[in-house]
$ cat coords20.pdb   # PDB, C-alpha atoms and all ligand atoms
ATOM      1  CA  MET A   1     115.511 112.160 114.744  1.00  0.00           C
ATOM      2  CA  PRO A   2     113.704 111.378 111.480  1.00  0.00           C
ATOM      3  CA  VAL A   3     115.871 109.738 108.821  1.00  0.00           C
ATOM      4  CA  LEU A   4     114.164 111.934 106.237  1.00  0.00           C
ATOM      5  CA  ASP A   5     112.693 115.388 106.720  1.00  0.00           C
ATOM      6  CA  VAL A   6     111.251 117.347 103.803  1.00  0.00           C
ATOM      7  CA  LYS A   7     109.943 120.904 104.137  1.00  0.00           C
ATOM      8  CA  ASP A   8     108.400 123.284 101.578  1.00  0.00           C
ATOM      9  CA  LEU A   9     109.810 121.313  98.674  1.00  0.00           C
ATOM     10  CA  LYS A  10     109.118 122.693  95.199  1.00  0.00           C
ATOM     11  CA  LYS A  11     110.309 121.546  91.794  1.00  0.00           C
ATOM     12  CA  GLY A  12     109.146 122.615  88.356  1.00  0.00           C
ATOM     13  CA  TYR A  13     110.160 121.701  84.829  1.00  0.00           C
ATOM     14  CA  VAL A  14     110.062 123.770  81.681  1.00  0.00           C
ATOM     15  CA  SER A  15     107.926 122.026  79.063  1.00  0.00           C
ATOM     16  CA  PRO A  16     108.998 121.782  75.398  1.00  0.00           C
ATOM     17  CA  GLU A  17     106.567 124.702  74.807  1.00  0.00           C
ATOM     18  CA  GLY A  18     108.564 126.778  77.272  1.00  0.00           C
ATOM     19  CA  GLU A  19     105.944 126.791  80.026  1.00  0.00           C
ATOM     20  CA  ARG A  20     107.012 126.191  83.587  1.00  0.00           C
ATOM     21  CA  HIS A  21     105.128 123.341  85.260  1.00  0.00           C
ATOM     22  CA  LEU A  22     105.246 122.818  88.974  1.00  0.00           C
ATOM     23  CA  VAL A  23     105.515 119.050  89.523  1.00  0.00           C
ATOM     24  CA  ILE A  24     106.376 118.865  93.216  1.00  0.00           C
ATOM     25  CA  ASP A  25     104.965 121.129  95.928  1.00  0.00           C
ATOM     26  CA  VAL A  26     105.255 119.198  99.188  1.00  0.00           C
ATOM     27  CA  PRO A  27     104.884 121.290 102.363  1.00  0.00           C
ATOM     28  CA  ALA A  28     106.019 118.465 104.658  1.00  0.00           C
ATOM     29  CA  PHE A  29     107.005 114.813 104.575  1.00  0.00           C
ATOM     30  CA  ALA A  30     109.047 112.814 107.076  1.00  0.00           C
ATOM     31  CA  MET A  31     110.114 109.249 107.770  1.00  0.00           C
ATOM     32  CA  ASP A  32     111.326 107.714 111.009  1.00  0.00           C
ATOM     33  CA  ASP A  33     114.459 105.621 111.377  1.00  0.00           C
ATOM     34  CA  ALA A  34     113.977 102.189 109.769  1.00  0.00           C
ATOM     35  CA  GLU A  35     110.410 103.039 108.777  1.00  0.00           C
ATOM     36  CA  GLN A  36     109.025 101.481 105.595  1.00  0.00           C
ATOM     37  CA  VAL A  37     106.716 103.575 103.433  1.00  0.00           C
ATOM     38  CA  ALA A  38     105.047 102.719 100.135  1.00  0.00           C
ATOM     39  CA  LEU A  39     104.579 105.727  97.860  1.00  0.00           C
ATOM     40  CA  GLN A  40     101.637 105.540  95.499  1.00  0.00           C
ATOM     41  CA  GLY A  41     100.620 107.846  92.677  1.00  0.00           C
ATOM     42  CA  SER A  42      99.403 107.836  89.098  1.00  0.00           C
ATOM     43  CA  SER A  43     101.835 107.851  86.210  1.00  0.00           C
ATOM     44  CA  GLY A  44     103.356 111.281  85.687  1.00  0.00           C
ATOM     45  CA  SER A  45     102.378 112.485  89.163  1.00  0.00           C
ATOM     46  CA  GLY A  46     105.997 113.153  90.159  1.00  0.00           C
ATOM     47  CA  LYS A  47     107.073 110.026  92.062  1.00  0.00           C
ATOM     48  CA  THR A  48     110.438 109.664  90.335  1.00  0.00           C
ATOM     49  CA  THR A  49     111.035 113.411  90.589  1.00  0.00           C
ATOM     50  CA  PHE A  50     110.314 113.254  94.340  1.00  0.00           C
ATOM     51  CA  LEU A  51     112.767 110.371  94.805  1.00  0.00           C
ATOM     52  CA  ASN A  52     115.442 112.095  92.706  1.00  0.00           C
ATOM     53  CA  LEU A  53     115.088 115.244  94.824  1.00  0.00           C
ATOM     54  CA  ILE A  54     115.456 113.197  98.039  1.00  0.00           C
ATOM     55  CA  ALA A  55     118.510 111.466  96.543  1.00  0.00           C
ATOM     56  CA  GLY A  56     120.060 114.829  95.669  1.00  0.00           C
ATOM     57  CA  ILE A  57     120.192 113.907  91.980  1.00  0.00           C
ATOM     58  CA  LEU A  58     117.853 116.809  91.225  1.00  0.00           C
ATOM     59  CA  GLN A  59     118.135 120.213  92.846  1.00  0.00           C
ATOM     60  CA  PRO A  60     114.810 121.666  94.065  1.00  0.00           C
ATOM     61  CA  ASP A  61     113.622 125.189  93.253  1.00  0.00           C
ATOM     62  CA  ASN A  62     112.771 125.658  96.918  1.00  0.00           C
ATOM     63  CA  GLY A  63     112.748 123.826 100.209  1.00  0.00           C
ATOM     64  CA  VAL A  64     114.844 121.861 102.651  1.00  0.00           C
ATOM     65  CA  ILE A  65     115.637 118.141 102.673  1.00  0.00           C
ATOM     66  CA  SER A  66     117.502 116.560 105.583  1.00  0.00           C
ATOM     67  CA  VAL A  67     118.745 112.982 105.458  1.00  0.00           C
ATOM     68  CA  ALA A  68     120.052 111.339 108.632  1.00  0.00           C
ATOM     69  CA  GLY A  69     120.284 114.790 110.203  1.00  0.00           C
ATOM     70  CA  GLU A  70     122.370 116.296 107.394  1.00  0.00           C
ATOM     71  CA  CYS A  71     120.984 119.037 105.203  1.00  0.00           C
ATOM     72  CA  LEU A  72     121.114 117.908 101.588  1.00  0.00           C
ATOM     73  CA  THR A  73     119.730 121.068 100.039  1.00  0.00           C
ATOM     74  CA  ALA A  74     122.431 123.276 101.567  1.00  0.00           C
ATOM     75  CA  GLN A  75     125.096 121.389  99.592  1.00  0.00           C
ATOM     76  CA  ARG A  76     126.500 121.857  96.136  1.00  0.00           C
ATOM     77  CA  GLU A  77     126.501 118.935  93.715  1.00  0.00           C
ATOM     78  CA  ALA A  78     129.707 117.339  95.035  1.00  0.00           C
ATOM     79  CA  GLY A  79     128.451 117.582  98.615  1.00  0.00           C
ATOM     80  CA  ARG A  80     125.127 116.049  97.628  1.00  0.00           C
ATOM     81  CA  ASP A  81     126.960 113.197  95.885  1.00  0.00           C
ATOM     82  CA  ARG A  82     128.951 112.503  99.053  1.00  0.00           C
ATOM     83  CA  LEU A  83     125.868 112.657 101.239  1.00  0.00           C
ATOM     84  CA  ARG A  84     124.062 110.254  98.902  1.00  0.00           C
ATOM     85  CA  ALA A  85     127.018 107.850  98.977  1.00  0.00           C
ATOM     86  CA  ARG A  86     127.029 107.884 102.795  1.00  0.00           C
ATOM     87  CA  HIS A  87     123.334 107.724 103.592  1.00  0.00           C
ATOM     88  CA  ILE A  88     121.222 106.719 100.602  1.00  0.00           C
ATOM     89  CA  GLY A  89     120.785 103.547  98.582  1.00  0.00           C
ATOM     90  CA  TYR A  90     118.796 103.793  95.359  1.00  0.00           C
ATOM     91  CA  VAL A  91     117.195 100.931  93.469  1.00  0.00           C
ATOM     92  CA  PHE A  92     116.412 102.472  90.091  1.00  0.00           C
ATOM     93  CA  GLN A  93     113.420 101.449  88.031  1.00  0.00           C
ATOM     94  CA  THR A  94     115.708 100.279  85.232  1.00  0.00           C
ATOM     95  CA  PHE A  95     118.415  99.049  87.651  1.00  0.00           C
ATOM     96  CA  ASN A  96     121.217 101.178  86.060  1.00  0.00           C
ATOM     97  CA  LEU A  97     123.796  98.402  86.396  1.00  0.00           C
ATOM     98  CA  LEU A  98     127.083  99.000  84.592  1.00  0.00           C
ATOM     99  CA  GLN A  99     127.165  96.533  81.714  1.00  0.00           C
ATOM    100  CA  GLY A 100     130.936  96.181  81.537  1.00  0.00           C
ATOM    101  CA  TYR A 101     131.236  95.006  85.149  1.00  0.00           C
ATOM    102  CA  THR A 102     130.352  91.803  86.969  1.00  0.00           C
ATOM    103  CA  ALA A 103     127.680  91.567  89.640  1.00  0.00           C
ATOM    104  CA  LEU A 104     130.352  91.723  92.352  1.00  0.00           C
ATOM    105  CA  GLU A 105     132.042  94.738  90.734  1.00  0.00           C
ATOM    106  CA  ASN A 106     128.698  96.526  90.436  1.00  0.00           C
ATOM    107  CA  VAL A 107     128.113  96.061  94.166  1.00  0.00           C
ATOM    108  CA  MET A 108     131.702  97.170  94.942  1.00  0.00           C
ATOM    109  CA  LEU A 109     131.113 100.310  92.863  1.00  0.00           C
ATOM    110  CA  GLY A 110     128.209 101.062  95.173  1.00  0.00           C
ATOM    111  CA  MET A 111     130.716 101.303  98.027  1.00  0.00           C
ATOM    112  CA  MET A 112     133.458 103.331  96.377  1.00  0.00           C
ATOM    113  CA  PHE A 113     132.233 106.820  97.109  1.00  0.00           C
ATOM    114  CA  GLY A 114     130.962 106.065 100.597  1.00  0.00           C
ATOM    115  CA  ARG A 115     132.654 104.237 103.450  1.00  0.00           C
ATOM    116  CA  GLY A 116     135.134 102.462 101.194  1.00  0.00           C
ATOM    117  CA  THR A 117     135.130  99.067  99.533  1.00  0.00           C
ATOM    118  CA  ASP A 118     134.671  95.869 101.485  1.00  0.00           C
ATOM    119  CA  THR A 119     134.791  92.781  99.267  1.00  0.00           C
ATOM    120  CA  ALA A 120     133.628  90.430 102.018  1.00  0.00           C
ATOM    121  CA  TYR A 121     130.532  92.549 102.649  1.00  0.00           C
ATOM    122  CA  ALA A 122     129.797  92.832  98.904  1.00  0.00           C
ATOM    123  CA  ARG A 123     129.973  89.032  98.632  1.00  0.00           C
ATOM    124  CA  ALA A 124     127.812  88.612 101.713  1.00  0.00           C
ATOM    125  CA  LEU A 125     125.153  90.898 100.216  1.00  0.00           C
ATOM    126  CA  LEU A 126     125.140  89.010  96.918  1.00  0.00           C
ATOM    127  CA  GLU A 127     124.815  85.737  98.842  1.00  0.00           C
ATOM    128  CA  ARG A 128     122.005  87.286 100.836  1.00  0.00           C
ATOM    129  CA  VAL A 129     120.071  88.040  97.642  1.00  0.00           C
ATOM    130  CA  GLY A 130     120.671  84.494  96.368  1.00  0.00           C
ATOM    131  CA  LEU A 131     123.436  85.184  93.838  1.00  0.00           C
ATOM    132  CA  ARG A 132     126.300  83.224  95.396  1.00  0.00           C
ATOM    133  CA  ASP A 133     126.970  81.464  92.070  1.00  0.00           C
ATOM    134  CA  ARG A 134     126.446  84.535  89.861  1.00  0.00           C
ATOM    135  CA  MET A 135     128.995  86.986  91.255  1.00  0.00           C
ATOM    136  CA  THR A 136     131.235  86.979  88.188  1.00  0.00           C
ATOM    137  CA  TYR A 137     128.346  87.289  85.708  1.00  0.00           C
ATOM    138  CA  ARG A 138     127.767  90.530  83.854  1.00  0.00           C
ATOM    139  CA  PRO A 139     124.258  92.087  83.769  1.00  0.00           C
ATOM    140  CA  ARG A 140     123.596  90.784  80.251  1.00  0.00           C
ATOM    141  CA  GLN A 141     124.263  87.232  81.478  1.00  0.00           C
ATOM    142  CA  LEU A 142     121.680  87.571  84.247  1.00  0.00           C
ATOM    143  CA  SER A 143     117.894  87.319  84.153  1.00  0.00           C
ATOM    144  CA  VAL A 144     115.876  90.471  84.839  1.00  0.00           C
ATOM    145  CA  GLY A 145     115.035  89.183  88.311  1.00  0.00           C
ATOM    146  CA  GLN A 146     118.721  88.506  89.023  1.00  0.00           C
ATOM    147  CA  GLN A 147     119.711  91.977  87.788  1.00  0.00           C
ATOM    148  CA  GLN A 148     117.110  93.407  90.110  1.00  0.00           C
ATOM    149  CA  ARG A 149     118.698  91.532  93.018  1.00  0.00           C
ATOM    150  CA  VAL A 150     122.143  92.874  92.089  1.00  0.00           C
ATOM    151  CA  ALA A 151     120.625  96.356  92.137  1.00  0.00           C
ATOM    152  CA  VAL A 152     119.221  95.688  95.615  1.00  0.00           C
ATOM    153  CA  ALA A 153     122.606  94.448  96.860  1.00  0.00           C
ATOM    154  CA  ARG A 154     124.311  97.513  95.361  1.00  0.00           C
ATOM    155  CA  ALA A 155     121.814  99.865  97.000  1.00  0.00           C
ATOM    156  CA  LEU A 156     122.588  98.317 100.399  1.00  0.00           C
ATOM    157  CA  ALA A 157     126.359  98.207  99.834  1.00  0.00           C
ATOM    158  CA  GLY A 158     127.110 101.578 101.413  1.00  0.00           C
ATOM    159  CA  ARG A 159     125.139 100.667 104.585  1.00  0.00           C
ATOM    160  CA  PRO A 160     122.627 103.489 103.907  1.00  0.00           C
ATOM    161  CA  LYS A 161     120.170 104.834 106.450  1.00  0.00           C
ATOM    162  CA  LEU A 162     117.590 105.341 103.708  1.00  0.00           C
ATOM    163  CA  VAL A 163     116.820 103.143 100.700  1.00  0.00           C
ATOM    164  CA  LEU A 164     114.803 104.565  97.809  1.00  0.00           C
ATOM    165  CA  ALA A 165     113.228 102.098  95.385  1.00  0.00           C
ATOM    166  CA  ASP A 166     111.453 103.297  92.250  1.00  0.00           C
ATOM    167  CA  GLU A 167     108.924 100.679  91.141  1.00  0.00           C
ATOM    168  CA  PRO A 168     111.595  98.013  91.687  1.00  0.00           C
ATOM    169  CA  THR A 169     109.236  95.192  90.798  1.00  0.00           C
ATOM    170  CA  GLY A 170     107.689  96.851  87.742  1.00  0.00           C
ATOM    171  CA  ASN A 171     109.717  94.742  85.312  1.00  0.00           C
ATOM    172  CA  LEU A 172     109.178  91.435  87.088  1.00  0.00           C
ATOM    173  CA  ASP A 173     106.413  88.856  86.794  1.00  0.00           C
ATOM    174  CA  TYR A 174     103.967  88.357  89.638  1.00  0.00           C
ATOM    175  CA  HIS A 175     105.919  85.640  91.443  1.00  0.00           C
ATOM    176  CA  HIS A 176     109.305  87.345  91.181  1.00  0.00           C
ATOM    177  CA  ALA A 177     107.843  90.719  92.131  1.00  0.00           C
ATOM    178  CA  GLY A 178     106.561  89.248  95.383  1.00  0.00           C
ATOM    179  CA  GLU A 179     109.902  87.589  96.133  1.00  0.00           C
ATOM    180  CA  ALA A 180     111.879  90.735  95.314  1.00  0.00           C
ATOM    181  CA  LEU A 181     109.696  92.896  97.510  1.00  0.00           C
ATOM    182  CA  LYS A 182     110.034  90.506 100.445  1.00  0.00           C
ATOM    183  CA  LEU A 183     113.794  90.527 100.013  1.00  0.00           C
ATOM    184  CA  VAL A 184     114.111  94.319  99.852  1.00  0.00           C
ATOM    185  CA  ARG A 185     111.984  94.731 102.964  1.00  0.00           C
ATOM    186  CA  GLU A 186     113.823  92.029 104.922  1.00  0.00           C
ATOM    187  CA  ILE A 187     117.273  93.335 104.055  1.00  0.00           C
ATOM    188  CA  CYS A 188     116.286  96.885 104.941  1.00  0.00           C
ATOM    189  CA  ARG A 189     114.973  95.630 108.281  1.00  0.00           C
ATOM    190  CA  GLU A 190     118.154  93.650 108.967  1.00  0.00           C
ATOM    191  CA  ASN A 191     120.266  96.689 108.117  1.00  0.00           C
ATOM    192  CA  GLU A 192     118.016  99.096 110.026  1.00  0.00           C
ATOM    193  CA  ALA A 193     117.609 101.106 106.857  1.00  0.00           C
ATOM    194  CA  ALA A 194     114.396 103.007 106.190  1.00  0.00           C
ATOM    195  CA  LEU A 195     112.663 102.202 102.897  1.00  0.00           C
ATOM    196  CA  LEU A 196     110.691 104.489 100.604  1.00  0.00           C
ATOM    197  CA  LEU A 197     109.290 102.326  97.825  1.00  0.00           C
ATOM    198  CA  VAL A 198     107.257 103.500  94.842  1.00  0.00           C
ATOM    199  CA  SER A 199     104.635 101.107  93.591  1.00  0.00           C
ATOM    200  CA  HIS A 200     101.143 101.029  92.177  1.00  0.00           C
ATOM    201  CA  ASP A 201     100.675  97.313  92.680  1.00  0.00           C
ATOM    202  CA  ARG A 202      97.771  96.791  95.105  1.00  0.00           C
ATOM    203  CA  ASP A 203      99.207  93.553  96.478  1.00  0.00           C
ATOM    204  CA  ILE A 204     102.481  95.293  97.266  1.00  0.00           C
ATOM    205  CA  LEU A 205     100.879  98.399  98.742  1.00  0.00           C
ATOM    206  CA  GLY A 206      98.710  96.213 100.963  1.00  0.00           C
ATOM    207  CA  GLN A 207     101.795  94.829 102.702  1.00  0.00           C
ATOM    208  CA  PHE A 208     102.943  98.201 104.001  1.00  0.00           C
ATOM    209  CA  GLU A 209     101.756  99.654 107.269  1.00  0.00           C
ATOM    210  CA  ARG A 210     102.205 103.137 105.884  1.00  0.00           C
ATOM    211  CA  VAL A 211     101.048 103.872 102.349  1.00  0.00           C
ATOM    212  CA  GLN A 212     101.492 107.455 101.231  1.00  0.00           C
ATOM    213  CA  GLU A 213      99.419 108.672  98.305  1.00  0.00           C
ATOM    214  CA  LEU A 214     101.614 111.333  96.677  1.00  0.00           C
ATOM    215  CA  SER A 215      98.675 113.581  95.789  1.00  0.00           C
ATOM    216  CA  GLN A 216      97.853 113.887  99.499  1.00  0.00           C
ATOM    217  CA  ILE A 217     101.185 115.520 100.298  1.00  0.00           C
ATOM    218  CA  ASN A 218     101.781 117.138  96.905  1.00  0.00           C
ATOM    219  CA  ARG A 219      99.845 120.298  96.081  1.00  0.00           C
ATOM    220  CA  ALA A 220     101.215 120.518  92.523  1.00  0.00           C
ATOM    221  CA  ALA A 221      99.076 119.075  89.786  1.00  0.00           C
ATOM    222  CA  GLY A 222     101.502 119.593  86.915  1.00  0.00           C
ATOM    223  CA  LEU A 223      99.678 122.730  85.795  1.00  0.00           C
ATOM    224  CA  PRO A 224     101.650 125.550  84.249  1.00  0.00           C
ATOM    225  CA  THR A 225     102.651 127.855  87.097  1.00  0.00           C
ATOM    226  CA  GLY A 226     100.464 130.913  87.131  1.00  0.00           C
ATOM    227  CA  SER A 227      97.398 129.042  85.927  1.00  0.00           C
ATOM    228  CA  GLU A 228      96.569 127.546  89.324  1.00  0.00           C
ATOM    229  CA  GLY A 229      93.368 128.838  90.824  1.00  0.00           C
ATOM    230  CA  GLU A 230      91.995 130.067  87.506  1.00  0.00           C
ATOM    231  CA  PRO A 231      88.412 129.031  86.732  1.00  0.00           C
TER     232      PRO A 231
HETATM  233  N1  LIG B   1     113.340 116.674  82.528  1.00  0.00           N
HETATM  234  C1  LIG B   1     112.032 116.961  82.451  1.00  0.00           C
HETATM  235  N2  LIG B   1     111.620 118.040  81.728  1.00  0.00           N
HETATM  236  C2  LIG B   1     110.308 118.379  81.642  1.00  0.00           C
HETATM  237  N3  LIG B   1     109.325 117.690  82.262  1.00  0.00           N
HETATM  238  C3  LIG B   1     109.675 116.596  82.975  1.00  0.00           C
HETATM  239  C4  LIG B   1     111.037 116.177  83.116  1.00  0.00           C
HETATM  240  N4  LIG B   1     111.072 115.074  83.885  1.00  0.00           N
HETATM  241  C5  LIG B   1     109.793 114.819  84.217  1.00  0.00           C
HETATM  242  N5  LIG B   1     108.950 115.716  83.669  1.00  0.00           N
HETATM  243  C6  LIG B   1     107.483 115.767  83.862  1.00  0.00           C
HETATM  244  O1  LIG B   1     107.204 115.759  85.243  1.00  0.00           O
HETATM  245  C7  LIG B   1     106.082 114.947  85.532  1.00  0.00           C
HETATM  246  C8  LIG B   1     106.428 113.942  86.605  1.00  0.00           C
HETATM  247  O2  LIG B   1     107.356 112.993  86.095  1.00  0.00           O
HETATM  248  P1  LIG B   1     107.854 111.763  86.969  1.00  0.00           P
HETATM  249  O3  LIG B   1     108.416 112.292  88.242  1.00  0.00           O
HETATM  250  O4  LIG B   1     108.751 110.949  86.131  1.00  0.00           O
HETATM  251  O5  LIG B   1     106.473 111.005  87.263  1.00  0.00           O
HETATM  252  P2  LIG B   1     106.177 109.525  87.795  1.00  0.00           P
HETATM  253  O6  LIG B   1     107.469 108.927  88.245  1.00  0.00           O
HETATM  254  O7  LIG B   1     105.187 109.690  88.904  1.00  0.00           O
HETATM  255  O8  LIG B   1     105.569 108.785  86.642  1.00  0.00           O
HETATM  256  C9  LIG B   1     105.630 114.343  84.214  1.00  0.00           C
HETATM  257  O9  LIG B   1     104.521 115.060  83.757  1.00  0.00           O
HETATM  258  C10 LIG B   1     106.803 114.525  83.292  1.00  0.00           C
HETATM  259  O10 LIG B   1     106.413 114.723  81.979  1.00  0.00           O
HETATM  260 MG    MG B   2     108.501 107.192  87.668  1.00  0.00          MG
END
$ encode --input "coords20.pdb" --output "structure tokens" --more "lines below"
Ligand SMILES: Nc1ncnc2c1ncn2[C@@H]1O[C@H](COP(=O)(O)OP(=O)(O)O)[C@@H](O)[C@H]1O
Ligand SMILES: [Mg+2]
Amino acid sequence: MPVLDVKDLKKGYVSPEGERHLVIDVPAFAMDDAEQVALQGSSGSGKTTFLNLIAGILQPDNGVISVAGECLTAQREAGRDRLRARHIGYVFQTFNLLQGYTALENVMLGMMFGRGTDTAYARALLERVGLRDRMTYRPRQLSVGQQQRVAVARALAGRPKLVLADEPTGNLDYHHAGEALKLVREICRENEAALLLVSHDRDILGQFERVQELSQINRAAGLPTGSEGEP
């Protein structure tokens, strides 16, 4: 059973001028259990939108998304939130750590809506990402690279089957980007979680067996709907 199965997915936005633009039109996309895929695409091509649809944060205009055999798109918002908590870990581009909470609390929060909190596991994850001596630090007291590692630990906290990572190394320097990528991939492998990682860094893309160019599965070009096919 694929961990992710996407069919006939469509999502459009209304521009400030009131025109409807189709951003995502993906007839089919699937990932196997524990598979690691790098998703590539130019800026504005819909990568974040695609990830947010898969995470159930955005509701598509059309189509079916199944995660770990459960149909996400058949659910209302609360159901999608529960499904995300059970099956999906998300490393956001800007980390989205809660500033008022320590590293350990941020990871614990990643468990709350899923299988329940497990302090020992949260500590083990933070140790695994090299933050044994930073657990009681708040995001502001951590370097960008350390915050990124907290975000990785939080994404894994609910023991997800699928981890989504949106340009997780975009804010890091060359050395730290390489380290962070290695860590994300290793931890996903250890946890038998599949990984869908957005990047446009050639060095990073080159490390993945499967690199998916978004434009090859996405028929939408961001044109106003209705104007497609016109000369
Ligand atoms: N809330 C929104 N309202 C209108 N247009 C949006 C909205 N969010 C994204 N877009 C548009 O959708 C396109 C894809 O955005 P995004 O998924 O963020 O691209 P990427 O992550 O590949 O850079 C962009 O052209 C962007 O302007
Ligand atoms: Mg983006």
$ closest_residue --input "coords20.pdb" --among "A:Tyr101, A:Tyr137, A:Phe92, A:Phe208" --to "ligand LIG 1 (chain B)" --atoms "all atoms listed in the file"
A:Phe92
$ resolve_selection --input "coords20.pdb" --expression "the PyMOL selection byres (((chain A and resi 9) around 7) and not hetatm)" --output "list in words"
Val6, Lys7, Asp8, Lys10, Lys11, Ile24, Asp25, Val26, Pro27, Pro60, Asn62, Gly63 and Val64 of chain A
$ closest_atom_pairs --input "coords20.pdb" --of "chain A" --to "ligand MG 2 (chain B)" --cutoff "12 Å" --atoms "all atoms listed in the file" --output "JSON lines"
{"residue": "A:Leu39", "atom": "CA", "partner": "B:MG2", "partner_atom": "MG", "distance": 11.0}
{"residue": "A:Gln40", "atom": "CA", "partner": "B:MG2", "partner_atom": "MG", "distance": 10.5}
{"residue": "A:Gly41", "atom": "CA", "partner": "B:MG2", "partner_atom": "MG", "distance": 9.4}
{"residue": "A:Ser42", "atom": "CA", "partner": "B:MG2", "partner_atom": "MG", "distance": 9.2}
{"residue": "A:Ser43", "atom": "CA", "partner": "B:MG2", "partner_atom": "MG", "distance": 6.9}
{"residue": "A:Gly44", "atom": "CA", "partner": "B:MG2", "partner_atom": "MG", "distance": 6.9}
{"residue": "A:Ser45", "atom": "CA", "partner": "B:MG2", "partner_atom": "MG", "distance": 8.2}
{"residue": "A:Gly46", "atom": "CA", "partner": "B:MG2", "partner_atom": "MG", "distance": 6.9}
{"residue": "A:Lys47", "atom": "CA", "partner": "B:MG2", "partner_atom": "MG", "distance": 5.4}
{"residue": "A:Thr48", "atom": "CA", "partner": "B:MG2", "partner_atom": "MG", "distance": 4.1}
{"residue": "A:Thr49", "atom": "CA", "partner": "B:MG2", "partner_atom": "MG", "distance": 7.3}
{"residue": "A:Phe50", "atom": "CA", "partner": "B:MG2", "partner_atom": "MG", "distance": 9.2}
{"residue": "A:Leu51", "atom": "CA", "partner": "B:MG2", "partner_atom": "MG", "distance": 8.9}
{"residue": "A:Asn52", "atom": "CA", "partner": "B:MG2", "partner_atom": "MG", "distance": 9.9}
{"residue": "A:Phe92", "atom": "CA", "partner": "B:MG2", "partner_atom": "MG", "distance": 9.5}
{"residue": "A:Gln93", "atom": "CA", "partner": "B:MG2", "partner_atom": "MG", "distance": 7.6}
{"residue": "A:Thr94", "atom": "CA", "partner": "B:MG2", "partner_atom": "MG", "distance": 10.3}
{"residue": "A:Ala165", "atom": "CA", "partner": "B:MG2", "partner_atom": "MG", "distance": 10.4}
{"residue": "A:Asp166", "atom": "CA", "partner": "B:MG2", "partner_atom": "MG", "distance": 6.7}
{"residue": "A:Glu167", "atom": "CA", "partner": "B:MG2", "partner_atom": "MG", "distance": 7.4}
{"residue": "A:Pro168", "atom": "CA", "partner": "B:MG2", "partner_atom": "MG", "distance": 10.5}
{"residue": "A:Gly170", "atom": "CA", "partner": "B:MG2", "partner_atom": "MG", "distance": 10.4}
{"residue": "A:Leu197", "atom": "CA", "partner": "B:MG2", "partner_atom": "MG", "distance": 11.3}
{"residue": "A:Val198", "atom": "CA", "partner": "B:MG2", "partner_atom": "MG", "distance": 8.2}
{"residue": "A:Ser199", "atom": "CA", "partner": "B:MG2", "partner_atom": "MG", "distance": 9.3}
{"residue": "A:His200", "atom": "CA", "partner": "B:MG2", "partner_atom": "MG", "distance": 10.6}
$ closest_atom_pairs --input "coords20.pdb" --of "range 166-207 of chain A" --to "range 110-126 of chain A" --cutoff "12 Å" --atoms "all atoms listed in the file" --output "CSV"
residue,atom,partner,partner_atom,distance
A:Leu183,CA,A:Leu125,CA,11.4
A:Val184,CA,A:Leu125,CA,11.6
A:Ile187,CA,A:Leu125,CA,9.1
A:Cys188,CA,A:Leu125,CA,11.7
A:Glu190,CA,A:Leu125,CA,11.5
A:Asn191,CA,A:Leu125,CA,10.9
$ axis_aligned_box --input "coords20.pdb" --around "ligand LIG 1 (chain B)" --padding-each-side "8 Å" --output "AutoDock Vina command-line options"
--center_x 108.9 --center_y 113.6 --center_z 85.3 --size_x 24.8 --size_y 25.6 --size_z 23.3
